[in-house]
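> My questions all concern the structure below.
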Amino acid sequence: MGREFVEIFDAWADSYDASVSGQDEEYAAVFEHYDTILEEVAAKAIGHTIEFGPGTGNLTEKLLAKGLDVTAYEPNNAMRMRTQERFHALNISDGDFLDFELKEHPDTFVSTYAFHHLTDEEKAKAAKIYASKLSTGGQIIFADTIFETEEAKLDQWKKVEQQGYKNLLEDLKREYYTTIPVMNELLDEAGFSTSFKRLNEYVWLIHSVKK
């Protein structure tokens with residue numbers, strides 16, 4: 001999961017929910033319509049659902065409320081403990097997008113605000129792993145920051161710099177935010193048909209179905 005970023009979440013575990021609720025001005029646009037974004041992902045999930053990076057368990061809550069069989073993988077100890085405390089019966093383990101063990105056949109892979117921790121090469125590797133685990137019609141449903149083009153990404157960097165949001169700018173430059181053409185290509189090569197839906201200024205719904 002881009003484990004080089006795991007320790008960042010040690011400090012964020014206690015304030016994450018405040019950030020997603022819009023209390024952090026720098027990240028307000030990133031988390032705009034946060035609850036709706038989670039609902040969009042949960043609404044499309046079916047069957048045995050694998051969740052990567054549940055964090056504090058906000059998407060997990062919606063998946064479980066829908067009656068889905070959820071298996072979660074969270075690489076950060078503080079986040080994993082927080083989610084386990086919320087959902088005592090949840091099957092949650094130390095794992096990430098690339099390193100996880102499955103005991104049951106999955107129908108859906110889900111994640112929000114996390115796939116950008118992987119390089120594009122790692123994303124491609126992950127997509128092929130998911131394709132090997134899913135039957136025809138199986139799904140990947142991710143919501144994450146992604147840009148329409150490289151030019152759009154650079155334009156957003158400039159905008160954020162002008163806004164004076166130093167932490168957000170550092171984040172956008174440090175992690176591996178990709179573009180729709182790149183994402184679409186790597187998913188297509190793994191055997192998926194993918195659609196993209198914009199959910200706010202930063203986040204898009206990425207819905208891939210195995211061909």
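Each chain of the structure tokens is named A, B, ... in the order shown, its residues numbered from 1; ligands are numbered from 1 in display order.
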List as a PyMOL selection string the protein and nucleic acid residues near range 116-128 of chain A, meaning an atom at most 8 Å away when only C-alpha atoms are counted, but skip any in the same chain fewer than 2 places from it.
chain A and resi 1-3+5+97-98+113-114+130-132+144-145+175-178+182-183+186-187+190-191
> What are the closest atom pairs, with distances in Å to one decimal, for each residue of range 88-174 of chain A lying within 10 Å of range 57-61 of chain A, using only C-alpha atoms, rows by chain and rising residue number, as CSV?

residue,atom,partner,partner_atom,distance
A:Leu90,CA,A:Thr60,CA,9.1
A:Val110,CA,A:Leu59,CA,9.1
A:Ser111,CA,A:Leu59,CA,8.2
A:Thr112,CA,A:Leu59,CA,7.8
> Keeping only N, CA and C atoms, take the residues you just selected and write them out as a PDB file, in the first residue's frame.

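See selection-v2.pdb below for the written result:
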ATOM      1  N   LEU A  90     -15.688  -7.468  13.124  1.00  0.00           N
ATOM      2  CA  LEU A  90     -15.111  -7.282  11.794  1.00  0.00           C
ATOM      3  C   LEU A  90     -13.843  -8.093  11.625  1.00  0.00           C
ATOM      4  N   VAL A 110     -12.974  -2.636  -2.530  1.00  0.00           N
ATOM      5  CA  VAL A 110     -13.305  -1.226  -2.338  1.00  0.00           C
ATOM      6  C   VAL A 110     -12.204  -0.504  -1.566  1.00  0.00           C
ATOM      7  N   SER A 111     -12.149   0.806  -1.782  1.00  0.00           N
ATOM      8  CA  SER A 111     -11.234   1.665  -1.026  1.00  0.00           C
ATOM      9  C   SER A 111     -11.586   3.118  -1.292  1.00  0.00           C
ATOM     10  N   THR A 112     -11.346   3.958  -0.303  1.00  0.00           N
ATOM     11  CA  THR A 112     -11.520   5.399  -0.496  1.00  0.00           C
ATOM     12  C   THR A 112     -10.287   6.140   0.030  1.00  0.00           C
TER      13      THR A 112
END
> Restricting the calculation to only C-alpha atoms: of A:Ile140, A:Met79, A:Ala72, A:Val203, which residue gets closest to Glu32 in chain A?
A:Val203
> Go through range 93-186 of chain A and collect every residue that DSSP, computed from the backbone, puts in alpha helix (DSSP H); the answer should be as JSON, numbers by chain.
{"A": [120, 121, 122, 123, 124, 125, 126, 127, 128, 129, 130, 131, 132, 133, 150, 151, 152, 153, 154, 155, 156, 157, 158, 159, 160, 161, 162, 163, 166, 167, 168, 169, 170, 171, 172, 173, 174, 180, 181, 182, 183, 184, 185, 186]}
> For CA of Ile146 in chain A and CA of Thr179 in chain A, quote the distance in Å rounded to one decimal.
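Separating CA of Ile146 in chain A from CA of Thr179 in chain A is a distance of 5.5 Å.
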> Within 7 Å of range 165-169 of chain A, counting only C-alpha atoms, which residues qualify if same-chain residues fewer than 4 places away don't, as an MDAnalysis selection string?
chainID A and resid 26:27 157 160:161 173
> Can I get the selected residues back with N, CA, C and O atoms, as a compact mmCIF listing (two decimals), in the first residue's frame?

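Output (again_12.txt):
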# COMPACT_ATOMS: atom_id res chain seq x y z
N GLU A 26 -7.61 23.45 4.83
CA GLU A 26 -6.77 23.07 3.70
C GLU A 26 -7.35 21.89 2.93
O GLU A 26 -7.23 21.81 1.71
N TYR A 27 -7.98 20.97 3.64
CA TYR A 27 -8.47 19.74 3.02
C TYR A 27 -9.99 19.73 2.82
O TYR A 27 -10.55 18.69 2.45
N TRP A 157 -1.89 22.12 -8.73
CA TRP A 157 -0.76 22.48 -7.86
C TRP A 157 -0.63 23.99 -7.76
O TRP A 157 -0.45 24.54 -6.66
N VAL A 160 -3.47 25.48 -5.62
CA VAL A 160 -3.28 25.21 -4.20
C VAL A 160 -2.17 26.08 -3.62
O VAL A 160 -2.26 26.57 -2.49
N GLU A 161 -1.11 26.28 -4.41
CA GLU A 161 -0.02 27.15 -3.97
C GLU A 161 -0.51 28.59 -3.78
O GLU A 161 -0.17 29.25 -2.79
N LYS A 173 2.23 16.67 -4.09
CA LYS A 173 3.50 16.45 -4.78
C LYS A 173 4.22 15.20 -4.28
O LYS A 173 4.97 14.58 -5.03
